[in-house]
>>> print(open('upload_3.txt').read())   # compact mmCIF, C-alpha atoms
# COMPACT_ATOMS: atom_id res chain seq x y z
CA MET A 160 -25.19 -28.43 5.64
CA ASP A 161 -24.96 -32.24 5.32
CA PHE A 162 -24.33 -31.82 1.60
CA LEU A 163 -21.63 -29.23 2.29
CA LEU A 164 -19.74 -31.31 4.87
CA ASP A 165 -20.21 -34.78 3.39
CA VAL A 166 -17.54 -37.47 3.17
CA SER A 167 -16.31 -36.39 -0.27
CA LEU A 168 -15.26 -33.02 1.19
CA TYR A 169 -12.87 -34.72 3.61
CA ALA A 170 -11.54 -37.01 0.86
CA SER A 171 -10.99 -33.93 -1.29
CA THR A 172 -9.18 -32.28 1.63
CA LEU A 173 -6.57 -35.07 1.59
CA ARG A 174 -5.94 -34.50 -2.12
CA MET A 175 -5.75 -30.73 -1.71
CA VAL A 176 -3.48 -30.83 1.31
CA THR A 177 -0.83 -33.06 -0.28
CA PRO A 178 0.95 -30.42 -2.44
CA ILE A 179 0.88 -27.96 0.45
CA LEU A 180 2.11 -30.53 2.96
CA LEU A 181 4.99 -31.80 0.79
CA ALA A 182 6.20 -28.27 0.05
CA ALA A 183 5.79 -27.24 3.70
CA LEU A 184 7.88 -30.20 4.86
CA GLY A 185 10.60 -29.08 2.44
CA GLY A 186 10.37 -25.55 3.82
CA ALA A 187 10.61 -26.91 7.36
CA ILE A 188 13.82 -28.81 6.58
CA CYS A 189 15.35 -25.66 5.07
CA ALA A 190 14.26 -23.58 8.07
CA ARG A 191 15.86 -26.09 10.40
CA VAL A 192 19.28 -25.44 8.82
CA GLY A 193 18.81 -21.67 8.93
CA LEU A 194 17.61 -21.08 5.35
CA PHE A 195 14.23 -19.40 5.02
CA ASN A 196 13.16 -20.73 1.61
CA VAL A 197 10.69 -18.27 0.06
CA GLY A 198 11.13 -20.02 -3.29
CA LEU A 199 8.72 -22.88 -2.51
CA GLU A 200 6.15 -21.48 -4.94
CA GLY A 201 8.62 -21.58 -7.83
CA LEU A 202 9.93 -25.03 -6.94
CA VAL A 203 6.41 -26.50 -6.88
CA LEU A 204 5.57 -24.80 -10.19
CA ILE A 205 8.68 -26.28 -11.82
CA GLY A 206 7.68 -29.70 -10.47
CA ALA A 207 4.14 -29.36 -11.82
CA PHE A 208 5.29 -28.39 -15.30
CA SER A 209 8.12 -30.90 -15.57
CA GLY A 210 5.73 -33.65 -14.43
CA ILE A 211 3.54 -32.96 -17.45
CA VAL A 212 6.58 -32.74 -19.73
CA GLY A 213 7.91 -36.05 -18.41
CA ASN A 214 4.54 -37.70 -18.89
CA HIS A 215 4.26 -36.35 -22.44
CA PHE A 216 7.67 -37.66 -23.56
CA THR A 217 7.93 -40.93 -21.61
CA GLY A 218 4.28 -41.98 -21.47
CA ASN A 219 4.99 -43.34 -17.99
CA VAL A 220 3.51 -41.49 -15.04
CA PHE A 221 6.08 -42.72 -12.52
CA ALA A 222 8.95 -41.70 -14.81
CA ALA A 223 7.19 -38.33 -15.05
CA VAL A 224 7.21 -38.00 -11.25
CA LEU A 225 10.94 -38.79 -11.17
CA PHE A 226 11.53 -36.19 -13.90
CA ALA A 227 9.58 -33.63 -11.85
CA VAL A 228 11.73 -34.38 -8.80
CA LEU A 229 14.93 -34.11 -10.88
CA CYS A 230 13.96 -30.73 -12.38
CA SER A 231 13.00 -29.28 -8.98
CA LEU A 232 16.27 -30.61 -7.57
CA LEU A 233 18.22 -28.74 -10.25
CA PHE A 234 16.22 -25.58 -9.53
CA SER A 235 16.89 -25.92 -5.80
CA VAL A 236 20.63 -26.24 -6.50
CA LEU A 237 20.43 -22.72 -7.91
CA PHE A 238 18.86 -21.54 -4.64
CA GLY A 239 21.51 -23.36 -2.61
CA PHE A 240 24.42 -22.03 -4.68
CA MET A 241 23.31 -18.40 -4.40
CA SER A 242 22.26 -18.48 -0.75
CA ILE A 243 24.95 -20.78 0.70
CA HIS A 244 27.96 -20.42 -1.59
CA LEU A 245 27.50 -16.79 -2.70
CA LYS A 246 25.92 -15.71 0.65
CA ALA A 247 23.11 -13.86 -1.13
CA ASN A 248 20.02 -12.76 0.78
CA VAL A 249 17.79 -15.84 0.92
CA ILE A 250 14.59 -13.80 0.81
CA VAL A 251 15.65 -11.99 -2.35
CA VAL A 252 16.91 -15.22 -3.93
CA GLY A 253 13.64 -17.00 -3.14
CA ILE A 254 11.50 -14.23 -4.63
CA ALA A 255 13.71 -14.07 -7.75
CA LEU A 256 13.39 -17.83 -8.25
CA ASN A 257 9.60 -17.60 -7.98
CA PHE A 258 9.49 -15.09 -10.84
CA LEU A 259 12.05 -17.10 -12.81
CA ALA A 260 9.94 -20.26 -12.47
CA LEU A 261 6.79 -18.43 -13.59
CA GLY A 262 8.50 -17.02 -16.69
CA LEU A 263 10.36 -20.22 -17.47
CA THR A 264 7.27 -22.45 -17.34
CA THR A 265 5.23 -19.97 -19.41
CA PHE A 266 7.97 -19.80 -22.06
CA SER A 267 8.52 -23.57 -22.04
CA LEU A 268 4.78 -24.23 -22.37
CA ARG A 269 4.74 -22.38 -25.66
CA ALA A 270 8.12 -23.71 -26.81
CA ILE A 271 7.40 -27.39 -26.11
CA PHE A 272 3.64 -27.74 -26.58
CA ASP A 273 2.98 -24.69 -28.77
CA VAL A 274 0.01 -23.67 -26.63
CA LYS A 275 -0.79 -20.62 -24.51
CA GLY A 276 -2.40 -20.67 -21.07
CA ALA A 277 -2.88 -24.39 -20.51
CA TYR A 278 -1.90 -27.80 -21.83
CA TYR A 279 -4.29 -30.76 -21.74
CA ASN A 280 -4.13 -34.09 -23.50
CA LYS A 281 -7.06 -36.45 -23.13
CA ASP A 282 -4.78 -39.45 -23.73
CA MET A 283 -2.42 -38.52 -20.90
CA ILE A 284 -2.77 -40.77 -17.85
CA GLY A 285 -2.46 -39.29 -14.36
CA LEU A 286 -1.35 -40.89 -11.12
CA PRO A 287 -3.28 -44.07 -10.24
CA LYS A 288 -5.76 -44.21 -7.37
CA TRP A 289 -4.97 -46.85 -4.78
CA ASP A 290 -7.74 -48.64 -2.92
CA ILE A 291 -6.32 -49.83 0.39
CA PRO A 292 -7.46 -53.40 1.21
CA LEU A 293 -9.56 -53.70 4.40
CA LEU A 294 -9.43 -49.93 4.95
CA LYS A 295 -11.72 -49.25 1.99
CA ASP A 296 -14.43 -51.44 3.57
CA ILE A 297 -14.61 -49.37 6.77
CA PRO A 298 -17.69 -47.11 6.65
CA TRP A 299 -16.94 -43.37 6.24
CA LEU A 300 -13.23 -43.75 7.11
CA GLY A 301 -12.60 -45.97 4.07
CA GLU A 302 -14.25 -43.46 1.76
CA VAL A 303 -12.05 -40.68 3.16
CA LEU A 304 -8.69 -42.47 3.32
CA SER A 305 -8.88 -44.92 0.41
CA GLY A 306 -8.72 -44.23 -3.33
CA HIS A 307 -5.98 -41.61 -3.41
CA SER A 308 -2.77 -41.30 -5.41
CA PRO A 309 0.47 -42.86 -4.07
CA LEU A 310 1.84 -39.38 -3.31
CA VAL A 311 -0.99 -38.75 -0.83
CA TYR A 312 0.06 -41.78 1.21
CA LEU A 313 3.74 -40.96 0.74
CA SER A 314 3.21 -37.48 2.22
CA ILE A 315 1.61 -38.99 5.34
CA ILE A 316 4.49 -41.47 5.74
CA LEU A 317 7.04 -38.67 5.25
CA VAL A 318 5.58 -36.72 8.17
CA ILE A 319 6.33 -39.64 10.51
CA VAL A 320 9.73 -40.39 8.94
CA LEU A 321 10.91 -36.77 9.14
CA GLN A 322 9.67 -36.44 12.73
CA LEU A 323 11.73 -39.49 13.75
CA PHE A 324 14.70 -38.40 11.62
CA LEU A 325 14.92 -34.91 13.11
CA PHE A 326 14.38 -35.76 16.76
CA LYS A 327 15.53 -39.37 17.12
CA THR A 328 18.65 -39.78 14.95
CA VAL A 329 22.21 -38.48 15.24
CA THR A 330 22.09 -37.07 11.70
CA GLY A 331 18.88 -35.27 12.57
CA PHE A 332 20.48 -33.70 15.65
CA ARG A 333 23.44 -32.58 13.53
CA LEU A 334 21.02 -30.98 11.09
CA LEU A 335 19.30 -29.14 13.93
CA ALA A 336 22.66 -28.04 15.35
CA ALA A 337 23.72 -26.67 11.96
CA GLY A 338 20.72 -24.38 11.99
CA GLU A 339 20.63 -23.46 15.67
CA ASN A 340 24.28 -22.49 16.03
CA PRO A 341 26.44 -22.95 12.92
CA THR A 342 29.61 -21.71 14.63
CA ALA A 343 29.34 -24.18 17.50
CA ALA A 344 28.42 -26.95 15.06
CA LYS A 345 31.54 -26.24 12.98
CA SER A 346 33.71 -26.35 16.09
CA LEU A 347 32.41 -29.88 16.70
CA GLY A 348 33.43 -30.95 13.20
CA ILE A 349 29.94 -30.88 11.69
CA LYS A 350 29.98 -30.02 7.98
CA VAL A 351 27.42 -27.22 8.12
CA THR A 352 27.63 -26.28 4.43
CA ARG A 353 27.20 -29.89 3.34
CA ILE A 354 24.16 -30.28 5.62
CA GLN A 355 22.63 -27.07 4.27
CA TYR A 356 23.04 -28.26 0.70
CA GLY A 357 21.50 -31.59 1.66
CA ALA A 358 18.50 -29.82 3.20
CA VAL A 359 18.03 -27.64 0.11
CA LEU A 360 18.15 -30.69 -2.17
CA LEU A 361 15.65 -32.55 0.01
CA CYS A 362 13.39 -29.50 -0.11
CA GLY A 363 13.67 -29.48 -3.92
CA ALA A 364 12.74 -33.17 -4.13
CA LEU A 365 9.70 -32.68 -1.89
CA CYS A 366 8.57 -29.66 -3.91
CA GLY A 367 8.96 -31.74 -7.10
CA LEU A 368 6.63 -34.35 -5.61
CA ALA A 369 4.22 -31.57 -4.59
CA GLY A 370 4.15 -30.27 -8.16
CA ALA A 371 3.66 -33.76 -9.57
CA GLN A 372 0.68 -34.31 -7.27
CA LEU A 373 -0.75 -30.98 -8.41
CA SER A 374 -0.49 -31.61 -12.16
CA LEU A 375 -0.71 -35.42 -12.31
CA GLY A 376 -2.66 -36.31 -9.16
CA ASN A 377 -5.29 -33.62 -8.53
CA VAL A 378 -5.75 -32.97 -12.27
CA THR A 379 -4.01 -34.19 -15.42
CA MET A 380 -3.03 -30.93 -17.05
CA PHE A 381 -0.89 -27.83 -16.61
CA THR A 382 -1.99 -24.20 -16.57
CA GLU A 383 0.22 -21.14 -16.28
CA GLY A 384 0.75 -20.27 -12.60
CA MET A 385 -1.30 -23.29 -11.52
CA THR A 386 0.24 -23.30 -8.04
CA SER A 387 -1.90 -20.19 -7.33
CA GLY A 388 0.01 -19.28 -4.18
CA ARG A 389 0.11 -22.79 -2.69
CA GLY A 390 3.87 -22.45 -2.21
CA PHE A 391 3.33 -19.33 -0.12
CA ILE A 392 0.57 -21.08 1.85
CA ALA A 393 3.05 -23.91 2.46
CA LEU A 394 5.48 -21.32 3.76
CA VAL A 395 2.88 -20.13 6.25
CA ALA A 396 2.12 -23.74 7.22
CA THR A 397 5.83 -24.18 7.91
CA MET A 398 5.82 -21.16 10.18
CA LEU A 399 2.63 -22.16 12.00
CA GLY A 400 3.94 -25.67 12.50
CA GLN A 401 7.18 -24.33 14.01
CA SER A 402 9.15 -26.43 11.48
CA ASN A 403 8.00 -29.53 13.36
CA PRO A 404 6.74 -32.14 10.83
CA ILE A 405 3.66 -33.01 12.89
CA GLY A 406 2.88 -29.34 13.49
CA VAL A 407 3.40 -28.63 9.79
CA ALA A 408 0.99 -31.46 8.91
CA ALA A 409 -1.66 -30.06 11.26
CA SER A 410 -1.42 -26.53 9.85
CA SER A 411 -1.36 -27.88 6.28
CA LEU A 412 -4.60 -29.77 6.97
CA LEU A 413 -6.26 -26.48 7.90
CA PHE A 414 -5.29 -24.89 4.60
CA GLY A 415 -6.13 -28.04 2.63
CA PHE A 416 -9.59 -28.13 4.17
CA MET A 417 -10.22 -24.48 3.31
CA ASP A 418 -8.99 -25.14 -0.25
CA ALA A 419 -11.44 -28.04 -0.62
CA LEU A 420 -14.24 -26.04 1.01
CA SER A 421 -13.72 -23.13 -1.36
CA ILE A 422 -14.25 -25.46 -4.33
CA ARG A 423 -17.32 -27.02 -2.70
CA LEU A 424 -18.89 -23.60 -2.07
CA GLN A 425 -18.79 -22.87 -5.79
CA GLY A 426 -21.69 -25.32 -6.10
CA PHE A 427 -23.84 -23.06 -3.90
CA ALA A 428 -24.10 -20.30 -6.48
CA LEU A 429 -21.57 -18.20 -4.59
CA PRO A 430 -19.27 -16.01 -6.69
CA THR A 431 -16.20 -18.02 -7.71
CA HIS A 432 -13.77 -15.22 -6.94
CA PHE A 433 -15.22 -14.93 -3.44
CA THR A 434 -14.88 -18.64 -2.62
CA MET A 435 -11.35 -18.77 -4.05
CA MET A 436 -10.32 -16.12 -1.54
CA LEU A 437 -11.07 -18.35 1.47
CA PRO A 438 -7.68 -20.15 1.77
CA TYR A 439 -5.84 -16.85 1.51
CA ILE A 440 -8.10 -15.14 4.06
CA VAL A 441 -7.38 -17.99 6.47
CA THR A 442 -3.66 -17.59 5.71
CA ILE A 443 -3.76 -13.91 6.64
CA LEU A 444 -5.76 -14.61 9.80
CA ALA A 445 -3.33 -17.36 10.76
CA MET A 446 -0.42 -14.98 10.37
CA LEU A 447 -2.16 -12.45 12.61
CA PHE A 448 -3.10 -14.85 15.40
CA PHE A 449 -0.14 -17.23 15.36
CA LYS A 450 2.77 -15.03 14.37
CA ASP A 451 6.09 -16.44 15.52
CA LYS A 452 8.83 -14.09 16.52
CA GLY A 453 11.38 -16.88 16.11
CA TYR A 454 10.93 -16.79 12.35
CA MET A 455 11.25 -13.04 12.30
CA GLN A 456 14.60 -13.50 14.00
CA GLU A 457 15.60 -16.13 11.47
CA ALA A 458 14.67 -13.82 8.60
CA ARG A 459 16.69 -11.00 10.18
CA LYS A 460 19.59 -13.41 10.74
CA SER A 461 19.44 -14.42 7.07
CA ASN A 462 19.54 -10.78 6.01
CA GLU A 463 22.49 -10.05 8.28
CA SER A 464 24.46 -13.04 7.01
CA SER A 465 24.22 -11.72 3.46
CA ARG A 466 25.73 -8.36 4.25
>>> encode(input="upload_3.txt", output="structure tokens")
Amino acid sequence: MDFLLDVSLYASTLRMVTPILLAALGGAICARVGLFNVGLEGLVLIGAFSGIVGNHFTGNVFAAVLFAVLCSLLFSVLFGFMSIHLKANVIVVGIALNFLALGLTTFSLRAIFDVKGAYYNKDMIGLPKWDIPLLKDIPWLGEVLSGHSPLVYLSIILVIVLQLFLFKTVTGFRLLAAGENPTAAKSLGIKVTRIQYGAVLLCGALCGLAGAQLSLGNVTMFTEGMTSGRGFIALVATMLGQSNPIGVAASSLLFGFMDALSIRLQGFALPTHFTMMLPYIVTILAMLFFKDKGYMQEARKSNESSR
């Protein structure tokens, strides 16, 4: 048991939780403005692939992260245009974008790298690992918190920043008003459409960072469909966290821990396919025990607005 729950498991949890947390924060922002973004999976996948493409052509990992953010932003504009401007059903749009991202990355993988299934280059450099001075010398805690990629620390900072932004600033209150009651918000002169587009773009940027962490931070390669449902898990984390950044972080930690535990269990001669099911089993259980009727109402509201 000590081997199973040693310090490296908790350090691995931080790495695993980062893509889920970043995407879930993006989903939370969209939910706050009344847009239930089911397309998180596709946005993260676009970010993961474009991060590798950016790294391949620029040779600079930070330029690659920016390229991943830019590509996910462009993809999220498509979601915003169809759901906000054309008033299409956000659920249908999100699902369509997920399939589009899967097909687009598969096609682009063969078109750009002339490979099928996965792309790996031993000369490609991933995100650096930062050792935090003083913190790294603290027993146990230093081993868990130090030595991660910059995006891991950025995701933790973003939780605090978004919490303060949403509930302590005037702009944050306007964003909440745009989602709670768009008609009343418009009567007060709040530009609801502009705020919704801003939320969608922010969600795209966060998903781009999530994808970059996945393909350049956790590993340094890209495989077809490498998100493996993490975008959908992020969606559940958003729901469990009630679109509150701190709540989203707590629920994301649960899924990140199960993700890390599933990999650790593979070293105990357990069937790989069985251990890989663990995060998704927890997701289903979480949906059963913590279902939120508020989100059901939001989904219904989104459907009604498209008719």
>>> residues_around(input="upload_3.txt", residues="A:Phe216", least_positions_apart="6", cutoff="12 Å", atoms="all atoms listed in the file", output="VMD selection string")
chain A and resid 209 to 210 222 to 223 226 271 to 272 283
>>> atom_distance(input="upload_3.txt", atom1="atom CA of A:Leu424", atom2="atom CA of A:Ser374")
22.5 Å
>>> closest_residue(input="upload_3.txt", among="A:Ala409, A:Val395, A:Met417, A:Leu225", to="A:Gly186", atoms="only C-alpha atoms")
A:Val395
>>> residues_around(input="upload_3.txt", residues="A:Thr264", least_positions_apart="4", cutoff="7 Å", atoms="all atoms listed in the file", output="count of residues only")
4
>>> atom_distance(input="upload_3.txt", atom1="atom CA of A:Gly367", atom2="atom CA of A:Asn257")
14.2 Å
>>> residues_around(input="upload_3.txt", residues="A:Leu368", least_positions_apart="4", cutoff="9 Å", atoms="only C-alpha atoms", output="list in words")
Pro178, Leu181, Ala182, Val203, Gly206, Ala207, Gly210, Val224, Leu225, Ala227, Val228, Ser231, Leu310, Gly363, Ala364, Gln372 and Leu373 of chain A
>>> closest_atom_pairs(input="upload_3.txt", of="stretch 220-326 of chain A", to="stretch 385-389 of chain A", cutoff="10 Å", atoms="all atoms listed in the file", output="JSON lines")
{"residue": "A:Leu261", "atom": "CA", "partner": "A:Met385", "partner_atom": "CA", "distance": 9.7}
{"residue": "A:Gly276", "atom": "CA", "partner": "A:Met385", "partner_atom": "CA", "distance": 10.0}
{"residue": "A:Ala277", "atom": "CA", "partner": "A:Met385", "partner_atom": "CA", "distance": 9.2}
>>> closest_residue(input="upload_3.txt", among="A:Asn403, A:Thr177, A:Ser167, A:Asn340", to="A:Val192", atoms="all atoms listed in the file")
A:Asn340
>>> residues_around(input="upload_3.txt", residues="stretch 232-247 of chain A", least_positions_apart="6", cutoff="12 Å", atoms="only C-alpha atoms", output="ChimeraX atom specification")
/A:185-186,189,192-206,209,225-226,253-257,259-260,263,351-368,461-466
>>> closest_residue(input="upload_3.txt", among="A:Leu293, A:Val166, A:Val329, A:Thr172", to="A:Ser421", atoms="only C-alpha atoms")
A:Thr172
>>> atom_distance(input="upload_3.txt", atom1="atom CA of A:Leu317", atom2="atom CA of A:Ala371")
16.0 Å
>>> closest_residue(input="upload_3.txt", among="A:Leu168, A:Met446, A:Leu334, A:Leu437", to="A:Leu394", atoms="only C-alpha atoms")
A:Met446
>>> axis_aligned_box(input="upload_3.txt", around="stretch 313-327 of chain A", padding_each_side="6 Å", output="AutoDock Vina command-line options")
--center_x 8.6 --center_y -38.2 --center_z 8.9 --size_x 25.9 --size_y 18.6 --size_z 28.4
>>> closest_residue(input="upload_3.txt", among="A:Gly376, A:Pro341, A:Pro430, A:Pro298", to="A:Val176", atoms="all atoms listed in the file")
A:Gly376
>>> closest_residue(input="upload_3.txt", among="A:Ile315, A:Leu447, A:Gly285, A:Ala190", to="A:Leu335", atoms="only C-alpha atoms")
A:Ala190
>>> decode(input="upload_3.txt", residues="stretch 356-375 of chain A", atoms="C-alpha atoms", output="PDB file, in the first residue's frame")
ATOM      1  CA  TYR A 356     -18.019  36.002 -27.009  1.00  0.00           C
ATOM      2  CA  GLY A 357     -15.390  37.011 -24.473  1.00  0.00           C
ATOM      3  CA  ALA A 358     -16.230  33.986 -22.313  1.00  0.00           C
ATOM      4  CA  VAL A 359     -16.057  31.636 -25.307  1.00  0.00           C
ATOM      5  CA  LEU A 360     -12.656  33.035 -26.317  1.00  0.00           C
ATOM      6  CA  LEU A 361     -11.347  32.697 -22.763  1.00  0.00           C
ATOM      7  CA  CYS A 362     -12.587  29.117 -22.726  1.00  0.00           C
ATOM      8  CA  GLY A 363     -10.753  28.465 -26.005  1.00  0.00           C
ATOM      9  CA  ALA A 364      -7.508  29.901 -24.615  1.00  0.00           C
ATOM     10  CA  LEU A 365      -7.744  27.761 -21.475  1.00  0.00           C
ATOM     11  CA  CYS A 366      -8.455  24.640 -23.522  1.00  0.00           C
ATOM     12  CA  GLY A 367      -5.429  25.467 -25.709  1.00  0.00           C
ATOM     13  CA  LEU A 368      -3.268  25.558 -22.578  1.00  0.00           C
ATOM     14  CA  ALA A 369      -4.844  22.274 -21.446  1.00  0.00           C
ATOM     15  CA  GLY A 370      -3.940  20.645 -24.753  1.00  0.00           C
ATOM     16  CA  ALA A 371      -0.399  22.029 -24.623  1.00  0.00           C
ATOM     17  CA  GLN A 372       0.081  20.573 -21.144  1.00  0.00           C
ATOM     18  CA  LEU A 373      -1.194  17.228 -22.422  1.00  0.00           C
ATOM     19  CA  SER A 374       1.101  16.969 -25.453  1.00  0.00           C
ATOM     20  CA  LEU A 375       4.105  19.036 -24.306  1.00  0.00           C
TER      21      LEU A 375
END
